[in-house]
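Inspection log for the structure reproduced underneath, given as structure tokens.
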Amino acid sequence: MSKRATMIEVARLADVGTMTVSRVLNSSVHVSAETARRVHEAIERLGYRPNEMARGLRGAKSKSIGLIVPSLTDPFFAICAHNVNAVAQSKGYSTIITTSNENPDTEFSEAEWMLQKHVEGLVLCPSVGRNSRFSDKIFQRIPIISFDRPLQGSRFSSVVVDNHVGAKLGTQHLIEHGHKRILFLGDRPDLFTIRTRHQGYRRALLDAGLKTGECLDCDSEDLVFKYVKTALAGKNPPTAFFSGNNRISRYLFRALRNLGVRVPTDIATVGFDDFDMADMMQPPLTVIRQPVEALGKTAAEALFNQFKAKAEDWPAKGSRITLKVELVLRSSCGCTQDAPKVIKP
């Protein structure tokens with residue numbers, strides 16, 4: 001049995017939005033003759049048959065939203081997802097959650113599937129890619145909010161943290177400890193968060209008249225170990241590292257331990273993003289802490305706020321909400337206080 005055609009497929013073939021297809025089918029609003037012709041030709045070509053039950057429920061809301069994250073194995077995204085869902089439940093909504101695995105095609109197909117489930121809006125952390133698939137007309141009349149990373153396209157609003165300021169603050173702290181050779185570790189140069197954190201790191205060093213040094217593609221524990229080992233064996237070895245996220249911080253600590261390097265006696269470290277057990281590491285890790293819970297909650301609240309306006313009233317350019325970070329001083333940077341100290345920019 002062949003797969004039943006969907007309204008989304010009709011809309012794509014006719015090069016219109018799903019709302020236009022619905023209007024043609026229901027004759028509820030005037031549609032130009034040319035547009036109606038394209039829709040009817042697409043319906044005929046695909047053999048599309050409307051779901052009469054769904055049409056009978058026209059106007060009823062699904063009371064659900066969609067949430068797409070790169071992965072649920074990363075505690076960062078799991079915490080964000082939990083908080084998005086908490087806001088949705090407080091509004092009487094359910095949440096359909098799925099993952100993109102950092103694959104734009106998977107992300108697009110999952111979002112398309114969610115539209116078929118009649119979600120009223122989408123919250124997502126966009127996968128890495130130059131060309132956003134969300135410019136497709138099928139997404140034109142559904143509220144979409146991105147978090148952690150901006151979504152390409154001027155109409156989309158986003159919620160991010162102040163990556164630049166955080167990385168600059170952490171690097172400046174290492175400089176205040178007397179370090180002049182600080183290396184940056186990142187896992188993906190095309191990732192918004194790593195790119196902006198690297199820019200903050202560079203700004204701090206350049207302002208201090210110091211040279212920069214980095215590895216922006218250390219996306220595995222093995223690569224981190226090899227880079228750290230090579231850097232420490234060089235003619236001008238670093239005295240400190242700044243790691244771009246919590247995963248790299250863990251890789252870095254293991255590499256230094258396996259190489260017999262003492263922290264912070266031999267090498268000081270600061271990492272972007274706090275995580276469970278960071279304060280239990282030996283020594284406890286100094287970090288830039290971002291408001292993970294607030295990130296998910298703020299994104300969900302932004303989505304529900306957009307529900308209040310009609311699609312035709314949405315601004316042509318979306319807004320960007322930037323949440324503040326803080327520096328949590330422990331011991332890996334060289335500080336010796338008995339309890340963690342929190343510095344807010």
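To be explicit about the labels: the chains of the structure tokens are called A, B, and onward in the order shown, and within each one the residues are counted from 1, while ligands get numbers from 1 in the order they are shown.
Counting only C-alpha atoms, region 246-259 of chain A has the following residues at most 6 Å away, ignoring those fewer than 6 positions along the same chain: Glu221, Phe225, Gly271 and Asp273 of chain A.
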Would you put the residues from that selection into a file with N, CA, C and O atoms, as a PDB file, in the first residue's frame?
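Writing the result to part_35.pdb gives the following:
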ATOM      1  N   GLU A 221      37.922  12.837  22.569  1.00  0.00           N
ATOM      2  CA  GLU A 221      38.878  12.755  23.669  1.00  0.00           C
ATOM      3  C   GLU A 221      40.280  12.474  23.152  1.00  0.00           C
ATOM      4  O   GLU A 221      41.274  13.009  23.676  1.00  0.00           O
ATOM      5  N   PHE A 225      43.630  14.881  23.697  1.00  0.00           N
ATOM      6  CA  PHE A 225      44.866  14.349  24.288  1.00  0.00           C
ATOM      7  C   PHE A 225      46.071  14.636  23.389  1.00  0.00           C
ATOM      8  O   PHE A 225      47.117  15.096  23.851  1.00  0.00           O
ATOM      9  N   GLY A 271      36.929  26.417  32.397  1.00  0.00           N
ATOM     10  CA  GLY A 271      36.052  25.848  31.379  1.00  0.00           C
ATOM     11  C   GLY A 271      34.755  26.617  31.251  1.00  0.00           C
ATOM     12  O   GLY A 271      34.265  27.197  32.228  1.00  0.00           O
ATOM     13  N   ASP A 273      30.903  26.520  31.007  1.00  0.00           N
ATOM     14  CA  ASP A 273      29.766  25.680  31.350  1.00  0.00           C
ATOM     15  C   ASP A 273      30.075  24.798  32.558  1.00  0.00           C
ATOM     16  O   ASP A 273      31.045  24.039  32.563  1.00  0.00           O
TER      17      ASP A 273
END
Which neighbours of Val24 (chain A) fall inside 12 Å, counting only C-alpha atoms, when residues of the same chain fewer than 3 positions from it are skipped, and could you give them as JSON, numbers by chain?
-> {"A": [7, 10, 11, 14, 16, 17, 18, 19, 20, 21, 27, 28, 29, 30, 31, 32, 33, 34, 35, 36, 37, 38, 39, 40, 41, 42, 43, 50]}
Between CA of Gly66 (chain A) and CA of Ile97 (chain A) lies a distance of 6.1 Å
Check region 63-219 of chain A with DSSP on the backbone and list each residue it calls strand (DSSP E or B), as a short mmCIF file (atom, residue, chain, number, x, y, z; two decimals) with all heavy atoms, in the first residue's frame.
data_model
loop_
_atom_site.label_atom_id
_atom_site.label_comp_id
_atom_site.auth_asym_id
_atom_site.auth_seq_id
_atom_site.Cartn_x
_atom_site.Cartn_y
_atom_site.Cartn_z
N SER A 64 -0.33 21.23 22.02
CA SER A 64 0.99 20.59 22.09
C SER A 64 2.01 21.45 21.36
O SER A 64 1.67 22.21 20.45
CB SER A 64 0.95 19.19 21.47
OG SER A 64 0.71 19.26 20.08
N ILE A 65 3.26 21.34 21.78
CA ILE A 65 4.36 22.00 21.09
C ILE A 65 5.42 20.96 20.76
O ILE A 65 5.46 19.88 21.35
CB ILE A 65 4.99 23.14 21.93
CG1 ILE A 65 5.63 22.57 23.21
CG2 ILE A 65 3.95 24.20 22.26
CD1 ILE A 65 6.45 23.59 23.99
N GLY A 66 6.29 21.29 19.82
CA GLY A 66 7.38 20.41 19.46
C GLY A 66 8.70 20.94 20.00
O GLY A 66 8.90 22.16 20.07
N LEU A 67 9.60 20.05 20.38
CA LEU A 67 10.92 20.42 20.88
C LEU A 67 11.97 19.55 20.21
O LEU A 67 11.87 18.32 20.24
CB LEU A 67 10.99 20.24 22.40
CG LEU A 67 12.37 20.40 23.05
CD1 LEU A 67 12.91 21.81 22.84
CD2 LEU A 67 12.29 20.08 24.55
N ILE A 68 12.94 20.19 19.56
CA ILE A 68 14.02 19.46 18.88
C ILE A 68 15.36 19.90 19.46
O ILE A 68 15.68 21.09 19.45
CB ILE A 68 14.01 19.72 17.36
CG1 ILE A 68 12.63 19.42 16.76
CG2 ILE A 68 15.08 18.86 16.67
CD1 ILE A 68 12.53 19.76 15.28
N VAL A 69 16.12 18.95 19.96
CA VAL A 69 17.45 19.22 20.50
C VAL A 69 18.46 18.32 19.78
O VAL A 69 18.10 17.28 19.23
CB VAL A 69 17.52 18.99 22.02
CG1 VAL A 69 16.65 19.98 22.76
CG2 VAL A 69 17.14 17.56 22.37
N SER A 94 1.17 19.75 26.16
CA SER A 94 2.11 18.62 26.18
C SER A 94 3.24 18.94 25.21
O SER A 94 3.12 19.82 24.36
CB SER A 94 1.42 17.32 25.77
OG SER A 94 0.87 17.43 24.47
N THR A 95 4.35 18.21 25.32
CA THR A 95 5.53 18.45 24.49
C THR A 95 5.95 17.18 23.77
O THR A 95 6.10 16.12 24.41
CB THR A 95 6.72 18.95 25.35
OG1 THR A 95 6.30 20.07 26.14
CG2 THR A 95 7.89 19.34 24.48
N ILE A 96 6.11 17.29 22.46
CA ILE A 96 6.67 16.19 21.68
C ILE A 96 8.16 16.48 21.52
O ILE A 96 8.54 17.50 20.97
CB ILE A 96 6.00 16.09 20.30
CG1 ILE A 96 4.50 15.85 20.44
CG2 ILE A 96 6.65 14.96 19.47
CD1 ILE A 96 3.76 15.84 19.12
N ILE A 97 9.00 15.59 22.04
CA ILE A 97 10.44 15.81 22.06
C ILE A 97 11.15 14.83 21.12
O ILE A 97 10.85 13.63 21.12
CB ILE A 97 11.01 15.65 23.48
CG1 ILE A 97 10.29 16.59 24.46
CG2 ILE A 97 12.52 15.93 23.50
CD1 ILE A 97 10.70 16.41 25.90
N THR A 98 12.08 15.35 20.33
CA THR A 98 12.88 14.50 19.45
C THR A 98 14.28 15.10 19.32
O THR A 98 14.53 16.20 19.82
CB THR A 98 12.23 14.35 18.07
OG1 THR A 98 12.94 13.36 17.30
CG2 THR A 98 12.26 15.67 17.30
N THR A 99 15.17 14.36 18.66
CA THR A 99 16.56 14.82 18.51
C THR A 99 16.93 14.90 17.03
O THR A 99 16.39 14.17 16.20
CB THR A 99 17.55 13.87 19.21
OG1 THR A 99 17.43 12.55 18.65
CG2 THR A 99 17.27 13.80 20.70
N LEU A 122 7.13 25.45 17.68
CA LEU A 122 8.36 24.68 17.82
C LEU A 122 9.39 25.45 18.63
O LEU A 122 9.56 26.66 18.45
CB LEU A 122 8.96 24.37 16.44
CG LEU A 122 8.23 23.40 15.52
CD1 LEU A 122 8.92 23.38 14.15
CD2 LEU A 122 8.21 22.00 16.12
N VAL A 123 10.08 24.72 19.50
CA VAL A 123 11.27 25.23 20.19
C VAL A 123 12.41 24.31 19.78
O VAL A 123 12.26 23.09 19.82
CB VAL A 123 11.11 25.21 21.72
CG1 VAL A 123 12.39 25.66 22.40
CG2 VAL A 123 9.94 26.07 22.15
N LEU A 124 13.53 24.87 19.36
CA LEU A 124 14.62 24.00 18.95
C LEU A 124 15.98 24.64 19.17
O LEU A 124 16.11 25.87 19.18
CB LEU A 124 14.49 23.60 17.48
CG LEU A 124 14.81 24.67 16.42
CD1 LEU A 124 15.30 24.01 15.15
CD2 LEU A 124 13.57 25.49 16.10
N ILE A 144 8.16 29.71 15.86
CA ILE A 144 9.39 28.94 16.08
C ILE A 144 10.36 29.80 16.89
O ILE A 144 10.64 30.94 16.53
CB ILE A 144 10.05 28.54 14.74
CG1 ILE A 144 9.13 27.64 13.92
CG2 ILE A 144 11.38 27.83 14.99
CD1 ILE A 144 9.68 27.28 12.54
N ILE A 145 10.87 29.24 17.96
CA ILE A 145 11.86 29.91 18.81
C ILE A 145 13.08 29.00 18.93
O ILE A 145 12.95 27.80 19.19
CB ILE A 145 11.31 30.20 20.23
CG1 ILE A 145 10.04 31.05 20.17
CG2 ILE A 145 12.39 30.86 21.09
CD1 ILE A 145 10.25 32.46 19.69
N SER A 146 14.26 29.57 18.73
CA SER A 146 15.48 28.79 18.91
C SER A 146 16.15 29.17 20.22
O SER A 146 15.95 30.28 20.73
CB SER A 146 16.46 29.01 17.74
OG SER A 146 17.04 30.30 17.81
N PHE A 147 16.94 28.25 20.78
CA PHE A 147 17.68 28.55 21.98
C PHE A 147 19.10 28.01 21.87
O PHE A 147 19.38 27.11 21.09
CB PHE A 147 16.98 27.98 23.23
CG PHE A 147 17.03 26.48 23.33
CD1 PHE A 147 18.03 25.84 24.03
CD2 PHE A 147 16.05 25.70 22.73
CE1 PHE A 147 18.08 24.46 24.14
CE2 PHE A 147 16.08 24.32 22.82
CZ PHE A 147 17.10 23.69 23.53
N SER A 157 13.04 34.41 16.36
CA SER A 157 13.58 34.91 17.62
C SER A 157 14.40 33.82 18.28
O SER A 157 14.18 32.62 18.05
CB SER A 157 12.45 35.36 18.55
OG SER A 157 11.78 36.47 18.01
N SER A 158 15.36 34.23 19.12
CA SER A 158 16.23 33.26 19.76
C SER A 158 16.55 33.67 21.19
O SER A 158 16.45 34.85 21.56
CB SER A 158 17.53 33.10 18.96
OG SER A 158 18.24 34.34 18.91
N VAL A 159 16.95 32.69 21.98
CA VAL A 159 17.40 32.91 23.35
C VAL A 159 18.79 32.30 23.47
O VAL A 159 18.96 31.10 23.24
CB VAL A 159 16.46 32.27 24.39
CG1 VAL A 159 16.93 32.57 25.81
CG2 VAL A 159 15.02 32.75 24.19
N VAL A 160 19.77 33.12 23.78
CA VAL A 160 21.15 32.65 23.89
C VAL A 160 21.74 33.18 25.20
O VAL A 160 21.12 33.97 25.91
CB VAL A 160 22.01 33.13 22.69
CG1 VAL A 160 21.46 32.59 21.38
CG2 VAL A 160 22.09 34.66 22.66
N VAL A 161 22.97 32.73 25.51
CA VAL A 161 23.68 33.28 26.66
C VAL A 161 24.81 34.16 26.15
O VAL A 161 25.17 34.10 24.97
CB VAL A 161 24.22 32.17 27.59
CG1 VAL A 161 23.10 31.24 28.02
CG2 VAL A 161 25.34 31.37 26.91
N ILE A 182 47.98 31.18 27.02
CA ILE A 182 46.71 30.50 27.30
C ILE A 182 46.15 29.97 25.98
O ILE A 182 45.99 30.72 25.02
CB ILE A 182 45.69 31.48 27.93
CG1 ILE A 182 46.30 32.15 29.17
CG2 ILE A 182 44.40 30.76 28.28
CD1 ILE A 182 45.49 33.33 29.67
N LEU A 183 45.87 28.68 25.93
CA LEU A 183 45.35 28.06 24.71
C LEU A 183 43.85 27.76 24.86
O LEU A 183 43.39 27.40 25.94
CB LEU A 183 46.10 26.78 24.39
CG LEU A 183 47.61 26.89 24.15
CD1 LEU A 183 48.15 25.56 23.63
CD2 LEU A 183 47.93 28.02 23.18
N PHE A 184 43.15 27.92 23.75
CA PHE A 184 41.71 27.68 23.72
C PHE A 184 41.43 26.34 23.06
O PHE A 184 41.98 26.01 22.01
CB PHE A 184 41.02 28.80 22.93
CG PHE A 184 39.52 28.67 22.84
CD1 PHE A 184 38.70 29.32 23.76
CD2 PHE A 184 38.91 27.92 21.84
CE1 PHE A 184 37.32 29.22 23.67
CE2 PHE A 184 37.53 27.81 21.74
CZ PHE A 184 36.73 28.47 22.67
N LEU A 185 40.52 25.55 23.64
CA LEU A 185 40.12 24.27 23.08
C LEU A 185 38.64 24.32 22.70
O LEU A 185 37.79 24.59 23.55
CB LEU A 185 40.35 23.13 24.09
CG LEU A 185 41.79 22.82 24.47
CD1 LEU A 185 41.81 21.76 25.57
CD2 LEU A 185 42.57 22.35 23.26
N GLU A 214 45.04 28.20 19.62
CA GLU A 214 43.80 27.45 19.75
C GLU A 214 43.79 26.18 18.91
O GLU A 214 44.54 26.04 17.95
CB GLU A 214 42.61 28.31 19.33
CG GLU A 214 42.71 28.92 17.94
CD GLU A 214 43.46 30.24 17.94
OE1 GLU A 214 43.11 31.11 18.76
OE2 GLU A 214 44.41 30.40 17.15
N CYS A 215 42.91 25.29 19.33
CA CYS A 215 42.52 24.13 18.52
C CYS A 215 41.00 24.14 18.52
O CYS A 215 40.37 23.96 19.56
CB CYS A 215 43.04 22.82 19.13
SG CYS A 215 42.48 21.35 18.23
#
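Residues in contact range of Arg197 (chain A), defined as at most 8 Å between only C-alpha atoms, with sequence neighbours fewer than 6 positions away removed, read Asn163, His164, Val165, Gly166, Ala167, Lys168 and Gly244 of chain A.
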Just write the chosen residues, all heavy atoms, as a PDB file, in the first residue's frame.
ATOM      1  N   ASN A 163      27.931  34.382  25.493  1.00  0.00           N
ATOM      2  CA  ASN A 163      29.129  33.563  25.311  1.00  0.00           C
ATOM      3  C   ASN A 163      30.394  34.407  25.245  1.00  0.00           C
ATOM      4  O   ASN A 163      31.434  34.050  25.815  1.00  0.00           O
ATOM      5  CB  ASN A 163      29.000  32.728  24.031  1.00  0.00           C
ATOM      6  CG  ASN A 163      27.871  31.737  24.096  1.00  0.00           C
ATOM      7  OD1 ASN A 163      27.965  30.715  24.750  1.00  0.00           O
ATOM      8  ND2 ASN A 163      26.778  32.030  23.404  1.00  0.00           N
ATOM      9  N   HIS A 164      30.330  35.510  24.528  1.00  0.00           N
ATOM     10  CA  HIS A 164      31.499  36.367  24.332  1.00  0.00           C
ATOM     11  C   HIS A 164      31.995  36.935  25.659  1.00  0.00           C
ATOM     12  O   HIS A 164      33.183  36.839  26.000  1.00  0.00           O
ATOM     13  CB  HIS A 164      31.152  37.496  23.368  1.00  0.00           C
ATOM     14  CG  HIS A 164      32.310  38.345  22.963  1.00  0.00           C
ATOM     15  ND1 HIS A 164      32.807  39.356  23.767  1.00  0.00           N
ATOM     16  CD2 HIS A 164      33.092  38.346  21.843  1.00  0.00           C
ATOM     17  CE1 HIS A 164      33.832  39.943  23.162  1.00  0.00           C
ATOM     18  NE2 HIS A 164      34.023  39.350  21.992  1.00  0.00           N
ATOM     19  N   VAL A 165      31.075  37.509  26.431  1.00  0.00           N
ATOM     20  CA  VAL A 165      31.449  38.102  27.714  1.00  0.00           C
ATOM     21  C   VAL A 165      31.972  37.033  28.673  1.00  0.00           C
ATOM     22  O   VAL A 165      32.955  37.255  29.391  1.00  0.00           O
ATOM     23  CB  VAL A 165      30.242  38.836  28.334  1.00  0.00           C
ATOM     24  CG1 VAL A 165      30.491  39.168  29.805  1.00  0.00           C
ATOM     25  CG2 VAL A 165      29.955  40.116  27.562  1.00  0.00           C
ATOM     26  N   GLY A 166      31.332  35.870  28.686  1.00  0.00           N
ATOM     27  CA  GLY A 166      31.764  34.806  29.584  1.00  0.00           C
ATOM     28  C   GLY A 166      33.180  34.333  29.306  1.00  0.00           C
ATOM     29  O   GLY A 166      34.007  34.198  30.216  1.00  0.00           O
ATOM     30  N   ALA A 167      33.470  34.075  28.031  1.00  0.00           N
ATOM     31  CA  ALA A 167      34.812  33.610  27.665  1.00  0.00           C
ATOM     32  C   ALA A 167      35.858  34.686  27.930  1.00  0.00           C
ATOM     33  O   ALA A 167      36.981  34.398  28.373  1.00  0.00           O
ATOM     34  CB  ALA A 167      34.846  33.190  26.205  1.00  0.00           C
ATOM     35  N   LYS A 168      35.503  35.920  27.671  1.00  0.00           N
ATOM     36  CA  LYS A 168      36.429  37.026  27.935  1.00  0.00           C
ATOM     37  C   LYS A 168      36.724  37.131  29.425  1.00  0.00           C
ATOM     38  O   LYS A 168      37.877  37.307  29.837  1.00  0.00           O
ATOM     39  CB  LYS A 168      35.834  38.334  27.414  1.00  0.00           C
ATOM     40  CG  LYS A 168      36.747  39.540  27.578  1.00  0.00           C
ATOM     41  CD  LYS A 168      36.090  40.812  27.032  1.00  0.00           C
ATOM     42  CE  LYS A 168      36.992  42.022  27.232  1.00  0.00           C
ATOM     43  NZ  LYS A 168      36.355  43.270  26.745  1.00  0.00           N
ATOM     44  N   GLY A 244      36.204  25.169  25.748  1.00  0.00           N
ATOM     45  CA  GLY A 244      35.015  25.805  25.211  1.00  0.00           C
ATOM     46  C   GLY A 244      33.685  25.269  25.674  1.00  0.00           C
ATOM     47  O   GLY A 244      32.668  25.927  25.508  1.00  0.00           O
TER      48      GLY A 244
END
So which residues touch Trp314 (chain A) within 10 Å, counting only C-alpha atoms, skipping near sequence neighbours fewer than 3 positions away, as a ChimeraX atom specification?
-> /A:141,143,155-156,306-311,317-318
CA of Thr269 (chain A) and CA of Ser332 (chain A) are how many Å apart?
->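 It comes out at 5.4 Å.
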Would you mind reading off the distance between CA of Arg330 (chain A) and CA of Ala208 (chain A), one decimal, in Å?
->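 According to the coordinates, CA of Arg330 (chain A) and CA of Ala208 (chain A) are separated by 23.4 Å.
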Residue set, region 56-273 of chain A restricted to alpha helix (DSSP H), as JSON, numbers by chain | {"A": [56, 75, 76, 77, 78, 79, 80, 81, 82, 83, 84, 85, 86, 87, 88, 89, 90, 104, 105, 106, 107, 108, 109, 110, 111, 112, 113, 114, 115, 116, 163, 164, 165, 166, 167, 168, 169, 170, 171, 172, 173, 174, 175, 176, 192, 193, 194, 195, 196, 197, 198, 199, 200, 201, 202, 203, 204, 205, 206, 207, 221, 222, 223, 224, 225, 226, 227, 228, 229, 230, 231, 232, 246, 247, 248, 249, 250, 251, 252, 253, 254, 255, 256, 257, 258]}
How would the residues just picked look written out with C-alpha atoms as a JSON list (two decimals), in the first residue's frame?
[["chain", "number", "residue", "atom", "x", "y", "z"],
["A", 56, "GLY", "CA", -14.31, 18.35, 11.25],
["A", 75, "PRO", "CA", 22.98, 16.87, 30.29],
["A", 76, "PHE", "CA", 22.88, 20.45, 29.01],
["A", 77, "PHE", "CA", 20.17, 19.70, 26.44],
["A", 78, "ALA", "CA", 18.34, 17.33, 28.79],
["A", 79, "ILE", "CA", 18.04, 20.11, 31.39],
["A", 80, "CYS", "CA", 16.87, 22.58, 28.74],
["A", 81, "ALA", "CA", 14.27, 20.08, 27.53],
["A", 82, "HIS", "CA", 13.01, 19.48, 31.05],
["A", 83, "ASN", "CA", 12.46, 23.20, 31.58],
["A", 84, "VAL", "CA", 10.76, 23.73, 28.21],
["A", 85, "ASN", "CA", 8.38, 20.92, 29.09],
["A", 86, "ALA", "CA", 7.77, 22.34, 32.58],
["A", 87, "VAL", "CA", 6.62, 25.65, 31.10],
["A", 88, "ALA", "CA", 4.43, 23.84, 28.54],
["A", 89, "GLN", "CA", 2.75, 21.77, 31.26],
["A", 90, "SER", "CA", 2.10, 24.89, 33.32],
["A", 104, "PRO", "CA", 19.96, 19.29, 9.28],
["A", 105, "ASP", "CA", 18.05, 16.74, 7.18],
["A", 106, "THR", "CA", 16.96, 14.81, 10.27],
["A", 107, "GLU", "CA", 16.00, 18.06, 11.93],
["A", 108, "PHE", "CA", 13.87, 19.08, 8.95],
["A", 109, "SER", "CA", 12.10, 15.71, 8.66],
["A", 110, "GLU", "CA", 11.38, 15.64, 12.39],
["A", 111, "ALA", "CA", 9.99, 19.19, 12.26],
["A", 112, "GLU", "CA", 7.87, 18.27, 9.24],
["A", 113, "TRP", "CA", 6.54, 15.22, 11.10],
["A", 114, "MET", "CA", 5.65, 17.42, 14.06],
["A", 115, "LEU", "CA", 3.62, 19.69, 11.78],
["A", 116, "GLN", "CA", 1.66, 16.64, 10.72],
["A", 163, "ASN", "CA", 29.13, 33.56, 25.31],
["A", 164, "HIS", "CA", 31.50, 36.37, 24.33],
["A", 165, "VAL", "CA", 31.45, 38.10, 27.71],
["A", 166, "GLY", "CA", 31.76, 34.81, 29.58],
["A", 167, "ALA", "CA", 34.81, 33.61, 27.67],
["A", 168, "LYS", "CA", 36.43, 37.03, 27.94],
["A", 169, "LEU", "CA", 35.83, 37.09, 31.69],
["A", 170, "GLY", "CA", 37.32, 33.61, 32.20],
["A", 171, "THR", "CA", 40.38, 34.40, 30.08],
["A", 172, "GLN", "CA", 40.93, 37.70, 31.87],
["A", 173, "HIS", "CA", 40.91, 35.83, 35.18],
["A", 174, "LEU", "CA", 43.71, 33.56, 33.97],
["A", 175, "ILE", "CA", 45.66, 36.63, 32.83],
["A", 176, "GLU", "CA", 45.21, 38.12, 36.32],
["A", 192, "PHE", "CA", 27.81, 29.47, 17.17],
["A", 193, "THR", "CA", 28.66, 28.92, 20.83],
["A", 194, "ILE", "CA", 32.26, 27.86, 20.22],
["A", 195, "ARG", "CA", 32.80, 30.63, 17.67],
["A", 196, "THR", "CA", 31.56, 33.40, 19.96],
["A", 197, "ARG", "CA", 33.41, 32.01, 23.00],
["A", 198, "HIS", "CA", 36.59, 31.90, 20.96],
["A", 199, "GLN", "CA", 36.03, 35.54, 20.00],
["A", 200, "GLY", "CA", 35.70, 36.49, 23.68],
["A", 201, "TYR", "CA", 38.89, 34.60, 24.51],
["A", 202, "ARG", "CA", 40.76, 36.35, 21.71],
["A", 203, "ARG", "CA", 39.48, 39.75, 22.76],
["A", 204, "ALA", "CA", 40.82, 39.29, 26.30],
["A", 205, "LEU", "CA", 44.28, 38.26, 25.09],
["A", 206, "LEU", "CA", 44.54, 40.95, 22.42],
["A", 207, "ASP", "CA", 43.49, 43.63, 24.91],
["A", 221, "GLU", "CA", 38.88, 12.75, 23.67],
["A", 222, "ASP", "CA", 41.69, 11.35, 21.54],
["A", 223, "LEU", "CA", 42.14, 14.62, 19.63],
["A", 224, "VAL", "CA", 42.18, 16.64, 22.84],
["A", 225, "PHE", "CA", 44.87, 14.35, 24.29],
["A", 226, "LYS", "CA", 47.02, 14.60, 21.17],
["A", 227, "TYR", "CA", 46.76, 18.38, 20.97],
["A", 228, "VAL", "CA", 47.49, 18.90, 24.66],
["A", 229, "LYS", "CA", 50.45, 16.53, 24.55],
["A", 230, "THR", "CA", 51.90, 18.26, 21.49],
["A", 231, "ALA", "CA", 51.34, 21.74, 22.94],
["A", 232, "LEU", "CA", 53.02, 20.90, 26.24],
["A", 246, "ASN", "CA", 31.90, 21.00, 29.57],
["A", 247, "ARG", "CA", 32.66, 17.99, 27.38],
["A", 248, "ILE", "CA", 36.06, 19.41, 26.42],
["A", 249, "SER", "CA", 36.72, 20.29, 30.07],
["A", 250, "ARG", "CA", 36.32, 16.63, 31.00],
["A", 251, "TYR", "CA", 38.54, 15.50, 28.13],
["A", 252, "LEU", "CA", 41.16, 18.07, 29.14],
["A", 253, "PHE", "CA", 41.26, 16.93, 32.76],
["A", 254, "ARG", "CA", 41.72, 13.32, 31.72],
["A", 255, "ALA", "CA", 44.48, 14.25, 29.28],
["A", 256, "LEU", "CA", 46.38, 16.24, 31.92],
["A", 257, "ARG", "CA", 46.01, 13.47, 34.47],
["A", 258, "ASN", "CA", 47.23, 10.82, 32.01]]
Closest to Lys297 (chain A) among A:Leu323, A:Ala278, A:Cys335, A:Leu285, using only C-alpha atoms?
->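 Nearest to Lys297 (chain A): A:Leu323.
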Give me the residues within 6 Å of Gly186 (chain A) as a VMD selection string, counting only C-alpha atoms and dropping any in the same chain fewer than 4 places off.
-> chain A and resid 216 to 218 244
Residues from the last selection, N, CA and C atoms, saved as an mmCIF file, in the first residue's frame:
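What follows is the written file again.cif:
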data_model
loop_
_atom_site.group_PDB
_atom_site.id
_atom_site.type_symbol
_atom_site.label_atom_id
_atom_site.label_comp_id
_atom_site.auth_asym_id
_atom_site.auth_seq_id
_atom_site.Cartn_x
_atom_site.Cartn_y
_atom_site.Cartn_z
ATOM 1 N N LEU A 216 40.405 24.368 17.355
ATOM 2 C CA LEU A 216 38.955 24.514 17.262
ATOM 3 C C LEU A 216 38.257 23.268 16.737
ATOM 4 N N ASP A 217 38.999 22.198 16.515
ATOM 5 C CA ASP A 217 38.360 20.969 16.032
ATOM 6 C C ASP A 217 38.746 19.767 16.880
ATOM 7 N N CYS A 218 38.893 19.981 18.178
ATOM 8 C CA CYS A 218 39.173 18.879 19.111
ATOM 9 C C CYS A 218 37.846 18.253 19.532
ATOM 10 N N GLY A 244 36.204 25.169 25.748
ATOM 11 C CA GLY A 244 35.015 25.805 25.211
ATOM 12 C C GLY A 244 33.685 25.269 25.674
#
What's the 7 Å shell around Ala5 (chain A), counting only C-alpha atoms, without same-chain residues fewer than 2 positions away, as a list in words?
-> Lys3, Met7, Glu9, Leu46, Gly47 and Tyr48 of chain A
For those residues, write N, CA and C atoms to a file as a PDB file, in the first residue's frame.
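Done, and the output landed in out_31.pdb:
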ATOM      1  N   LYS A   3       2.108   5.118   0.510  1.00  0.00           N
ATOM      2  CA  LYS A   3       1.963   6.079   1.592  1.00  0.00           C
ATOM      3  C   LYS A   3       0.972   7.161   1.206  1.00  0.00           C
ATOM      4  N   MET A   7      -0.892  17.048   3.510  1.00  0.00           N
ATOM      5  CA  MET A   7      -1.102  18.436   3.141  1.00  0.00           C
ATOM      6  C   MET A   7       0.239  19.160   2.974  1.00  0.00           C
ATOM      7  N   GLU A   9       2.981  17.898   1.823  1.00  0.00           N
ATOM      8  CA  GLU A   9       3.518  17.550   0.508  1.00  0.00           C
ATOM      9  C   GLU A   9       2.791  18.328  -0.592  1.00  0.00           C
ATOM     10  N   LEU A  46      -0.716  14.237  -6.569  1.00  0.00           N
ATOM     11  CA  LEU A  46      -0.333  13.411  -5.415  1.00  0.00           C
ATOM     12  C   LEU A  46      -1.436  12.460  -4.969  1.00  0.00           C
ATOM     13  N   GLY A  47      -2.635  12.679  -5.504  1.00  0.00           N
ATOM     14  CA  GLY A  47      -3.757  11.844  -5.070  1.00  0.00           C
ATOM     15  C   GLY A  47      -4.128  12.129  -3.624  1.00  0.00           C
ATOM     16  N   TYR A  48      -4.001  13.387  -3.216  1.00  0.00           N
ATOM     17  CA  TYR A  48      -4.249  13.753  -1.828  1.00  0.00           C
ATOM     18  C   TYR A  48      -5.736  13.679  -1.503  1.00  0.00           C
TER      19      TYR A  48
END
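Among A:Ser319, A:Ser71, A:Gln140, A:Gln290, the residue with the shortest atom-to-atom distance to Asp162 (chain A), counting only C-alpha atoms, is A:Gln290.
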